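Each remark here refers to the structure printed beneath this line.
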Amino acid sequence: MEKQIYDQETMNEVESNEKLPKTKFEQIDIGKETELFYDFMKSSRWSAVFDRVYPELREIQKESKDKDECLKRYGKFVEGIHARDKGAMLSAQEYVQTEWEKIGQAFLEVLSEHFETDWPEDRHEIIGYVSALPAYPRFLKDYSFCVGYKNVANMIETAAHEILHFLWFKKWAEIFPETDKKEFESPHLVWRLSEIMDPIILQCHPEISKLIKPVKWGYQSFVDLKIGEKSMSQHFTDIYKDCLGRQLHFDEILKIVWGEAQRHREVLEKF
């Protein structure tokens, strides 16, 4: 009898894991990465980060007569980084893959349970691209994202942050089907709320926090934003913890924090 129970538990675990996508880390395509460098360098939100890390890119941008020339020169610059740091990038890929495999499937399962939605059946893989970018975009359409090759110990948290977005927006579309998908991206309020709540969930959900051991509480630009006497992050943290304490369904949590985001739109639109 005990063996039958054990076998059934094993079968249930296997069946559960088969429903979860596998997370694979690989080197980014240089052409794709070059396009991302070009896009980020045009962004007022991120250009300062790129100017600090890669000041050479601004000179290339100023000296190039058109987009094609700029992309070509950016491409050579990116190729140079990959040639110089190939060993470090491959080492980072191996490290993040190994470390993620220790906790990744458990994270995906707990996240699915918490959000009360399954991972899409047609998504068999999540791809993390090891990149030279100093910012880490995610791509909702194909469930892929970027990580860096420096400070690699921090990349587990980065991966968790980006992967959480995938299921967050799947759940969002189920609860708010009228939302235009373009609002899932910067600078829309729906996107802003997701960036606030993502690190709060990583930090405050007991099982998730134990798996990921997160450090960050969101963008540096959050620090000086206040709602009443509290920081913006603390305001939403307190709401989320209260929801957990009351054991609310996740659709209720989404509706509550969305209401707060709309109420305090002026604050959220400052980052």
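Going through the structure tokens in order, the chains are called A, B, and so on, while each chain numbers its residues from 1 and the ligands are numbered from 1 in the order shown.
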Residues at most 9 Å from segment 120-126 of chain A, counting only C-alpha atoms, excluding those fewer than 5 positions away in the same chain, as a ChimeraX atom specification? /A:19-25,142-145,163,167,170
Residues from last step as file, C-alpha atoms, as a PDB file, in the first residue's frame:
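See result_26.pdb below for the written result:
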```
ATOM      1  CA  LYS A  19       3.341  20.858 -17.783  1.00  0.00           C
ATOM      2  CA  LEU A  20       6.098  23.299 -16.891  1.00  0.00           C
ATOM      3  CA  PRO A  21       8.328  24.879 -19.546  1.00  0.00           C
ATOM      4  CA  LYS A  22      12.054  24.186 -19.380  1.00  0.00           C
ATOM      5  CA  THR A  23      14.363  27.156 -18.914  1.00  0.00           C
ATOM      6  CA  LYS A  24      17.423  27.176 -21.136  1.00  0.00           C
ATOM      7  CA  PHE A  25      20.261  29.699 -21.121  1.00  0.00           C
ATOM      8  CA  ASP A 142       8.387  34.295 -27.195  1.00  0.00           C
ATOM      9  CA  TYR A 143       9.039  33.934 -23.452  1.00  0.00           C
ATOM     10  CA  SER A 144      12.654  34.991 -23.644  1.00  0.00           C
ATOM     11  CA  PHE A 145      14.784  37.482 -21.728  1.00  0.00           C
ATOM     12  CA  ILE A 163      10.121  34.951 -15.820  1.00  0.00           C
ATOM     13  CA  LEU A 167       2.918  34.501 -15.971  1.00  0.00           C
ATOM     14  CA  LYS A 170      -0.889  35.834 -18.772  1.00  0.00           C
TER      15      LYS A 170
END
```
Residues at most 12 Å from segment 40-50 of chain A, counting only C-alpha atoms, excluding those fewer than 5 positions away in the same chain, as a ChimeraX atom specification? /A:33-35,55-62,67,70-71,74,132-137,186-187,219-221,270-271
Nearest to Asp118 of chain A among A:Glu69, A:Glu63, A:Asp29, A:Glu18, with distances taken over only C-alpha atoms: which residue is it?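 Using only C-alpha atoms, Asp118 of chain A sits closest to A:Glu18.
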So which residues touch Phe107 of chain A within 9 Å, counting only C-alpha atoms, skipping near sequence neighbours fewer than 6 positions away, as a list in words?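 Once the nearby chain positions are removed, what remains is Ala160, Glu207, Ile208, Leu211 and Ile212 of chain A.
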Hey, can you spit out that residue selection with N, CA and C atoms as an mmCIF file, in the first residue's frame?
```cif
data_model
loop_
_atom_site.group_PDB
_atom_site.id
_atom_site.type_symbol
_atom_site.label_atom_id
_atom_site.label_comp_id
_atom_site.auth_asym_id
_atom_site.auth_seq_id
_atom_site.Cartn_x
_atom_site.Cartn_y
_atom_site.Cartn_z
ATOM 1 N N ALA A 160 14.487 35.192 -12.382
ATOM 2 C CA ALA A 160 13.197 35.042 -11.702
ATOM 3 C C ALA A 160 12.307 36.253 -11.959
ATOM 4 N N GLU A 207 7.410 31.080 0.016
ATOM 5 C CA GLU A 207 8.067 29.996 -0.728
ATOM 6 C C GLU A 207 8.964 30.540 -1.827
ATOM 7 N N ILE A 208 8.488 31.552 -2.528
ATOM 8 C CA ILE A 208 9.272 32.137 -3.616
ATOM 9 C C ILE A 208 10.534 32.794 -3.071
ATOM 10 N N LEU A 211 13.214 30.322 -2.240
ATOM 11 C CA LEU A 211 13.867 29.757 -3.421
ATOM 12 C C LEU A 211 14.847 30.742 -4.052
ATOM 13 N N ILE A 212 14.416 31.987 -4.228
ATOM 14 C CA ILE A 212 15.177 32.957 -5.013
ATOM 15 C C ILE A 212 16.186 33.734 -4.175
#
```
Using only C-alpha atoms, which protein or nucleic acid residues come within 8 Å of segment 148-158 of chain A? Drop anything in the same chain fewer than 3 positions from it, and give the result as a short mmCIF file (atom, residue, chain, number, x, y, z; two decimals) with C-alpha atoms, in the first residue's frame.
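Okay, around-v3.cif is ready:
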```cif
data_model
loop_
_atom_site.label_atom_id
_atom_site.label_comp_id
_atom_site.auth_asym_id
_atom_site.auth_seq_id
_atom_site.Cartn_x
_atom_site.Cartn_y
_atom_site.Cartn_z
CA ALA A 88 33.40 34.90 -19.21
CA MET A 89 30.14 34.75 -21.16
CA ALA A 92 28.20 32.76 -16.93
CA GLN A 93 25.90 30.65 -19.09
CA TYR A 95 26.81 28.93 -13.94
CA VAL A 96 23.30 30.35 -14.34
CA GLU A 99 22.10 27.22 -10.43
CA TRP A 100 18.70 27.71 -12.05
CA VAL A 130 23.49 35.78 -21.98
CA SER A 131 24.24 39.26 -23.27
CA ALA A 132 26.57 42.26 -22.98
CA LEU A 133 23.58 44.56 -22.46
CA PRO A 134 23.68 46.47 -19.14
CA TYR A 136 17.84 43.02 -19.18
CA HIS A 161 12.15 38.68 -12.15
CA GLU A 162 11.81 38.37 -15.92
CA ILE A 212 15.18 32.96 -5.01
CA LYS A 213 16.72 34.77 -2.01
CA PRO A 214 16.14 38.16 -3.66
CA VAL A 215 17.96 41.35 -2.73
#
```
Taking the chain letters and numbering used in this document, name the residues of segment 39-261 of chain A that DSSP puts in strand (DSSP E or B), as a PyMOL selection string. chain A and resi 125-130+138-139+144-147+226-227+230-231
Let me see the file: selected residues, all heavy atoms, as a CSV table (one decimal), in the first residue's frame.
```
chain,number,residue,atom,x,y,z
A,125,GLU,N,9.5,26.0,-23.8
A,125,GLU,CA,10.8,26.5,-23.4
A,125,GLU,C,10.8,28.0,-23.0
A,125,GLU,O,10.0,28.8,-23.6
A,125,GLU,CB,11.8,26.3,-24.5
A,125,GLU,CG,12.8,25.2,-24.3
A,125,GLU,CD,13.9,25.2,-25.4
A,125,GLU,OE1,13.8,26.0,-26.3
A,125,GLU,OE2,14.8,24.3,-25.3
A,126,ILE,N,11.5,28.4,-22.0
A,126,ILE,CA,11.8,29.8,-21.7
A,126,ILE,C,13.3,29.9,-22.0
A,126,ILE,O,14.1,29.1,-21.5
A,126,ILE,CB,11.5,30.1,-20.3
A,126,ILE,CG1,10.0,29.9,-20.0
A,126,ILE,CG2,11.9,31.5,-19.9
A,126,ILE,CD1,9.6,30.0,-18.5
A,127,ILE,N,13.7,31.0,-22.7
A,127,ILE,CA,15.1,31.2,-23.1
A,127,ILE,C,15.7,32.4,-22.4
A,127,ILE,O,15.1,33.5,-22.5
A,127,ILE,CB,15.3,31.3,-24.6
A,127,ILE,CG1,14.7,30.1,-25.4
A,127,ILE,CG2,16.7,31.5,-25.0
A,127,ILE,CD1,15.4,28.8,-25.1
A,128,GLY,N,16.8,32.2,-21.7
A,128,GLY,CA,17.5,33.3,-21.2
A,128,GLY,C,18.8,33.5,-22.0
A,128,GLY,O,19.6,32.6,-22.1
A,129,TYR,N,18.9,34.7,-22.6
A,129,TYR,CA,20.1,35.0,-23.4
A,129,TYR,C,21.2,35.7,-22.6
A,129,TYR,O,20.9,36.7,-22.0
A,129,TYR,CB,19.7,35.9,-24.6
A,129,TYR,CG,18.7,35.3,-25.6
A,129,TYR,CD1,17.4,35.8,-25.7
A,129,TYR,CD2,19.1,34.3,-26.4
A,129,TYR,CE1,16.5,35.2,-26.6
A,129,TYR,CE2,18.3,33.7,-27.3
A,129,TYR,CZ,17.0,34.2,-27.4
A,129,TYR,OH,16.1,33.6,-28.3
A,130,VAL,N,22.3,35.1,-22.6
A,130,VAL,CA,23.5,35.8,-22.0
A,130,VAL,C,24.0,36.9,-22.9
A,130,VAL,O,24.3,36.6,-24.1
A,130,VAL,CB,24.6,34.8,-21.7
A,130,VAL,CG1,25.8,35.5,-21.1
A,130,VAL,CG2,24.1,33.7,-20.8
A,138,ARG,N,12.8,41.7,-21.4
A,138,ARG,CA,12.1,40.5,-21.6
A,138,ARG,C,11.2,40.6,-22.8
A,138,ARG,O,10.8,41.7,-23.2
A,138,ARG,CB,11.4,40.0,-20.3
A,138,ARG,CG,10.1,40.7,-19.8
A,138,ARG,CD,9.8,42.1,-20.1
A,138,ARG,NE,8.7,42.7,-19.6
A,138,ARG,CZ,7.7,43.1,-20.3
A,138,ARG,NH1,7.6,42.9,-21.6
A,138,ARG,NH2,6.7,43.8,-19.7
A,139,PHE,N,10.9,39.5,-23.4
A,139,PHE,CA,10.1,39.5,-24.6
A,139,PHE,C,8.9,38.6,-24.4
A,139,PHE,O,9.0,37.3,-24.4
A,139,PHE,CB,10.9,39.0,-25.8
A,139,PHE,CG,12.2,39.8,-25.9
A,139,PHE,CD1,13.4,39.2,-25.4
A,139,PHE,CD2,12.3,41.1,-26.4
A,139,PHE,CE1,14.6,39.9,-25.5
A,139,PHE,CE2,13.5,41.8,-26.5
A,139,PHE,CZ,14.7,41.2,-26.0
A,144,SER,N,11.2,34.9,-23.7
A,144,SER,CA,12.7,35.0,-23.6
A,144,SER,C,13.1,36.3,-22.9
A,144,SER,O,12.3,37.2,-22.8
A,144,SER,CB,13.3,34.9,-25.0
A,144,SER,OG,13.0,36.0,-25.8
A,145,PHE,N,14.3,36.3,-22.5
A,145,PHE,CA,14.8,37.5,-21.7
A,145,PHE,C,16.3,37.5,-21.8
A,145,PHE,O,16.9,36.5,-22.2
A,145,PHE,CB,14.3,37.5,-20.3
A,145,PHE,CG,14.7,36.2,-19.5
A,145,PHE,CD1,15.9,36.3,-18.7
A,145,PHE,CD2,14.1,35.0,-19.6
A,145,PHE,CE1,16.3,35.2,-18.0
A,145,PHE,CE2,14.5,33.9,-18.9
A,145,PHE,CZ,15.6,34.0,-18.0
A,146,CYS,N,16.9,38.6,-21.3
A,146,CYS,CA,18.4,38.7,-21.3
A,146,CYS,C,18.9,38.7,-19.8
A,146,CYS,O,18.2,39.2,-18.9
A,146,CYS,CB,18.8,39.9,-22.0
A,146,CYS,SG,18.5,39.9,-23.8
A,147,VAL,N,20.1,38.1,-19.7
A,147,VAL,CA,20.8,38.2,-18.4
A,147,VAL,C,22.2,38.7,-18.8
A,147,VAL,O,22.6,38.6,-19.9
A,147,VAL,CB,20.9,36.9,-17.6
A,147,VAL,CG1,19.5,36.5,-17.2
A,147,VAL,CG2,21.5,35.8,-18.5
A,226,LYS,N,7.0,58.6,-2.9
A,226,LYS,CA,6.2,58.3,-1.7
A,226,LYS,C,4.7,58.4,-2.0
A,226,LYS,O,4.2,59.1,-2.9
A,226,LYS,CB,6.5,59.4,-0.7
A,226,LYS,CG,7.8,59.2,0.0
A,226,LYS,CD,8.0,60.1,1.2
A,226,LYS,CE,9.3,59.9,1.9
A,226,LYS,NZ,9.3,58.6,2.6
A,227,ILE,N,3.9,57.6,-1.3
A,227,ILE,CA,2.5,57.6,-1.3
A,227,ILE,C,2.1,57.9,0.2
A,227,ILE,O,2.3,57.0,1.0
A,227,ILE,CB,1.8,56.3,-1.8
A,227,ILE,CG1,2.2,56.1,-3.3
A,227,ILE,CG2,0.3,56.3,-1.6
A,227,ILE,CD1,1.7,54.8,-3.8
A,230,LYS,N,4.6,56.9,3.3
A,230,LYS,CA,5.3,55.7,3.0
A,230,LYS,C,6.0,55.8,1.6
A,230,LYS,O,5.6,56.5,0.8
A,230,LYS,CB,4.4,54.4,3.0
A,230,LYS,CG,3.8,54.1,4.3
A,230,LYS,CD,2.9,52.9,4.1
A,230,LYS,CE,2.1,52.5,5.3
A,230,LYS,NZ,1.2,51.3,5.1
A,231,SER,N,7.1,55.0,1.5
A,231,SER,CA,7.6,54.9,0.1
A,231,SER,C,6.6,54.2,-0.7
A,231,SER,O,5.8,53.4,-0.2
A,231,SER,CB,8.9,54.1,0.1
A,231,SER,OG,8.7,52.7,0.4
```
Got a sec: who's within 7 Å of segment 243-258 of chain A, counting only C-alpha atoms, leaving out chain neighbours fewer than 4 positions off, as a PyMOL selection string? chain A and resi 114-116+175+239+262
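From atom CA of Asp224 of chain A back to atom CA of Trp172 of chain A, the distance works out to 27.8 Å.
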Rounded to one decimal, what separation in Å do you get between atom CA of Phe236 of chain A and atom CA of Asp180 of chain A?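 Atom CA of Asp180 of chain A lies at a distance of 23.8 Å from atom CA of Phe236 of chain A.
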Which one is closest to Lys141 of chain A: A:Lys102, A:Ala159, A:Phe184, A:Pro206? Count only C-alpha atoms.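 Using only C-alpha atoms, Lys141 of chain A sits closest to A:Phe184.
Between atom CA of Pro199 of chain A and atom CA of Arg265 of chain A the interatomic distance comes to 19.2 Å.
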